[in-house]
>>> print(open('data_23.tsv').read())   # TSV, C-alpha atoms
chain	number	residue	atom	x	y	z
A	23	MET	CA	0.99	83.17	-5.59
A	24	GLU	CA	4.46	82.53	-4.27
A	25	LEU	CA	7.22	81.94	-6.82
A	26	TRP	CA	9.01	79.50	-4.50
A	27	TRP	CA	5.88	77.35	-4.35
A	28	LEU	CA	5.25	77.62	-8.10
A	29	PHE	CA	8.75	76.58	-9.16
A	30	PHE	CA	10.01	74.35	-6.37
A	31	ARG	CA	7.11	72.56	-4.65
A	32	LEU	CA	5.29	69.56	-6.10
A	33	GLU	CA	2.02	69.78	-4.17
A	34	GLY	CA	-1.07	71.76	-5.04
A	35	ARG	CA	-2.76	72.95	-8.17
A	36	VAL	CA	-2.09	75.80	-10.57
A	37	ARG	CA	-4.48	77.48	-12.97
A	38	ARG	CA	-3.73	77.85	-16.68
A	39	LEU	CA	-2.79	81.53	-16.50
A	40	ASP	CA	-0.17	80.93	-13.82
A	41	TYR	CA	1.06	77.88	-15.72
A	42	TRP	CA	1.62	79.92	-18.88
A	43	LEU	CA	3.32	82.72	-16.93
A	44	GLY	CA	5.62	80.07	-15.43
A	45	VAL	CA	6.36	78.72	-18.90
A	46	VAL	CA	7.37	82.20	-20.06
A	47	VAL	CA	9.56	82.78	-17.00
A	48	LEU	CA	11.39	79.47	-17.56
A	49	THR	CA	11.68	79.90	-21.33
A	50	VAL	CA	13.30	83.35	-21.32
A	51	PRO	CA	16.61	82.22	-19.78
A	52	ALA	CA	16.68	79.18	-22.08
A	53	VAL	CA	16.33	81.37	-25.16
A	54	GLY	CA	18.97	83.77	-23.81
A	55	ALA	CA	21.38	80.89	-23.18
A	56	TYR	CA	20.77	79.55	-26.70
A	57	PHE	CA	21.72	82.88	-28.26
A	58	LEU	CA	24.67	83.30	-25.91
A	59	ASP	CA	25.97	79.85	-26.91
A	60	ARG	CA	25.57	80.75	-30.59
A	61	ALA	CA	27.20	84.17	-30.19
A	62	THR	CA	30.23	82.76	-28.39
A	63	GLY	CA	30.68	79.94	-30.89
A	64	ASN	CA	30.19	77.30	-28.20
A	65	ALA	CA	27.03	75.80	-29.67
A	66	ASP	CA	26.80	72.39	-31.28
A	67	ALA	CA	24.77	71.77	-34.45
A	68	ASP	CA	21.51	72.02	-32.46
A	69	GLY	CA	22.54	75.29	-30.80
A	70	PHE	CA	23.13	73.63	-27.43
A	71	GLY	CA	26.26	74.62	-25.52
A	72	PRO	CA	27.57	75.26	-22.01
A	73	PHE	CA	25.23	78.14	-21.19
A	74	SER	CA	22.24	76.09	-22.33
A	75	ALA	CA	23.48	73.16	-20.26
A	76	VAL	CA	23.65	75.29	-17.11
A	77	VAL	CA	20.19	76.78	-17.66
A	78	THR	CA	18.74	73.32	-18.32
A	79	ALA	CA	20.31	71.94	-15.14
A	80	VAL	CA	19.11	74.87	-13.04
A	81	THR	CA	15.53	74.95	-14.37
A	82	SER	CA	14.77	71.23	-14.74
A	83	TRP	CA	13.23	70.89	-11.28
A	84	SER	CA	11.13	74.01	-11.83
A	85	TRP	CA	9.72	72.56	-15.06
A	86	ILE	CA	8.82	69.35	-13.25
A	87	ALA	CA	7.15	71.21	-10.37
A	88	LEU	CA	5.19	73.47	-12.71
A	89	HIS	CA	3.95	70.55	-14.81
A	90	ALA	CA	3.08	68.45	-11.77
A	91	LYS	CA	0.86	71.18	-10.34
A	92	ARG	CA	-0.90	71.63	-13.65
A	93	TRP	CA	-1.51	67.87	-13.93
A	94	HIS	CA	-2.91	68.03	-10.39
A	95	ASP	CA	-5.35	70.70	-11.52
A	96	ARG	CA	-6.50	68.20	-14.16
A	97	ASP	CA	-6.92	65.65	-11.30
A	98	LYS	CA	-4.03	63.52	-12.56
A	99	SER	CA	-0.74	62.49	-11.02
A	100	GLY	CA	2.35	64.58	-11.71
A	101	TRP	CA	3.86	61.40	-13.16
A	102	TRP	CA	1.87	62.18	-16.31
A	103	THR	CA	4.73	64.59	-17.10
A	104	LEU	CA	6.58	61.53	-18.38
A	105	ILE	CA	4.24	61.42	-21.37
A	106	GLY	CA	6.38	64.25	-22.72
A	107	LEU	CA	9.06	61.63	-23.41
A	108	VAL	CA	6.90	60.13	-26.18
A	109	PRO	CA	8.04	61.81	-29.41
A	110	PHE	CA	5.58	64.33	-30.87
A	111	ILE	CA	2.44	62.74	-29.35
A	112	GLY	CA	3.64	63.48	-25.82
A	113	ALA	CA	4.28	67.15	-26.55
A	114	VAL	CA	0.88	67.58	-28.23
A	115	TRP	CA	-0.85	65.73	-25.38
A	116	MET	CA	0.82	67.95	-22.77
A	117	LEU	CA	0.05	71.12	-24.72
A	118	ILE	CA	-3.65	70.24	-24.86
A	119	GLU	CA	-3.99	68.85	-21.31
A	120	LEU	CA	-1.90	71.46	-19.52
A	121	GLY	CA	-2.18	74.53	-21.69
A	122	VAL	CA	-5.67	74.39	-23.14
A	123	LEU	CA	-8.09	72.32	-21.06
A	124	ARG	CA	-9.64	73.62	-17.85
A	125	GLY	CA	-8.81	72.08	-14.53
A	126	THR	CA	-11.38	70.12	-12.58
A	127	ASP	CA	-14.14	72.18	-10.98
A	128	GLY	CA	-13.98	72.43	-7.22
A	129	ALA	CA	-11.59	70.69	-4.88
A	130	ASN	CA	-9.95	67.41	-5.88
A	131	LYS	CA	-7.51	65.08	-4.13
A	132	TYR	CA	-4.65	67.51	-4.87
A	133	GLY	CA	-6.20	70.56	-3.24
A	134	PRO	CA	-8.78	73.33	-3.59
A	135	ASP	CA	-9.74	74.83	-6.95
A	136	PRO	CA	-7.20	77.57	-7.73
A	137	LEU	CA	-9.93	79.56	-9.49
A	138	SER	CA	-11.87	79.85	-6.22
A	139	ASP	CA	-9.13	81.99	-4.60
>>> encode(input="data_23.tsv", output="structure tokens")
Amino acid sequence: MELWWLFFRLEGRVRRLDYWLGVVVLTVPAVGAYFLDRATGNADADGFGPFSAVVTAVTSWSWIALHAKRWHDRDKSGWWTLIGLVPFIGAVWMLIELGVLRGTDGANKYGPDPLSD
């Protein structure tokens, strides 16, 4: 699996294991930026500061690409990522759909089954 494809391309499908590895890779710099903002005294009440802002700006597209490919594996449009904007319900829905449930068996309109590789 190519990292460029995983984090920057919208087409294709990704299996759950690769999805979770991508989540870890994108979360580590966010956590580091949070602590850096807190340690430098630049954080607001929520812990968000300039380092967090930069990491968020840099990784936003990668989050979208990763989620889109996982939705594709579930045979749904990447636009389903927008359900995450619904408070609480959206996050739970995405956790179950993307992180827990299997993708569709065999090829679908978004590409071949990533488990068949």
>>> closest_residue(input="data_23.tsv", among="A:Lys91, A:Gly106, A:Trp101, A:Ser84", to="Ile118 (chain A)", atoms="all atoms listed in the file")
A:Gly106
>>> atom_distance(input="data_23.tsv", atom1="CA of Val50 (chain A)", atom2="CA of Arg124 (chain A)")
25.2 Å
>>> residues_near_point(input="data_23.tsv", point="(23.1, 82.5, -29.7)", cutoff="12 Å", atoms="only C-alpha atoms", output="CSV table (one decimal) with C-alpha atoms, keeping the file's coordinate frame")
chain,number,residue,atom,x,y,z
A,51,PRO,CA,16.6,82.2,-19.8
A,52,ALA,CA,16.7,79.2,-22.1
A,53,VAL,CA,16.3,81.4,-25.2
A,54,GLY,CA,19.0,83.8,-23.8
A,55,ALA,CA,21.4,80.9,-23.2
A,56,TYR,CA,20.8,79.6,-26.7
A,57,PHE,CA,21.7,82.9,-28.3
A,58,LEU,CA,24.7,83.3,-25.9
A,59,ASP,CA,26.0,79.8,-26.9
A,60,ARG,CA,25.6,80.8,-30.6
A,61,ALA,CA,27.2,84.2,-30.2
A,62,THR,CA,30.2,82.8,-28.4
A,63,GLY,CA,30.7,79.9,-30.9
A,64,ASN,CA,30.2,77.3,-28.2
A,65,ALA,CA,27.0,75.8,-29.7
A,66,ASP,CA,26.8,72.4,-31.3
A,67,ALA,CA,24.8,71.8,-34.4
A,68,ASP,CA,21.5,72.0,-32.5
A,69,GLY,CA,22.5,75.3,-30.8
A,70,PHE,CA,23.1,73.6,-27.4
A,71,GLY,CA,26.3,74.6,-25.5
A,72,PRO,CA,27.6,75.3,-22.0
A,73,PHE,CA,25.2,78.1,-21.2
A,74,SER,CA,22.2,76.1,-22.3
>>> closest_residue(input="data_23.tsv", among="A:Thr78, A:Asp97, A:Val45, A:Val36", to="Asn130 (chain A)", atoms="only C-alpha atoms")
A:Asp97
>>> closest_residue(input="data_23.tsv", among="A:Val114, A:Asp135, A:Leu48, A:Ser99", to="Ala79 (chain A)", atoms="only C-alpha atoms")
A:Leu48
>>> residues_around(input="data_23.tsv", residues="region 28-30 of chain A", least_positions_apart="6", cutoff="7 Å", atoms="all atoms listed in the file", output="PDB file with C-alpha atoms, in the frame of the given file")
ATOM      1  CA  TRP A  83      13.230  70.890 -11.280  1.00  0.00           C
ATOM      2  CA  SER A  84      11.130  74.010 -11.830  1.00  0.00           C
ATOM      3  CA  ALA A  87       7.150  71.210 -10.370  1.00  0.00           C
ATOM      4  CA  LEU A  88       5.190  73.470 -12.710  1.00  0.00           C
TER       5      LEU A  88
END
>>> closest_residue(input="data_23.tsv", among="A:Trp85, A:Pro134, A:Glu119, A:Phe110", to="Val46 (chain A)", atoms="only C-alpha atoms")
A:Trp85
>>> closest_residue(input="data_23.tsv", among="A:His89, A:Asp127, A:Ile111, A:Gly100", to="Tyr41 (chain A)", atoms="only C-alpha atoms")
A:His89
>>> atom_distance(input="data_23.tsv", atom1="CA of Leu43 (chain A)", atom2="CA of Arg96 (chain A)")
17.7 Å
>>> atom_distance(input="data_23.tsv", atom1="CA of Arg31 (chain A)", atom2="CA of Gly128 (chain A)")
21.2 Å
>>> closest_residue(input="data_23.tsv", among="A:Val77, A:Ala90, A:Thr126, A:Ser82", to="Trp27 (chain A)", atoms="all atoms listed in the file")
A:Ala90
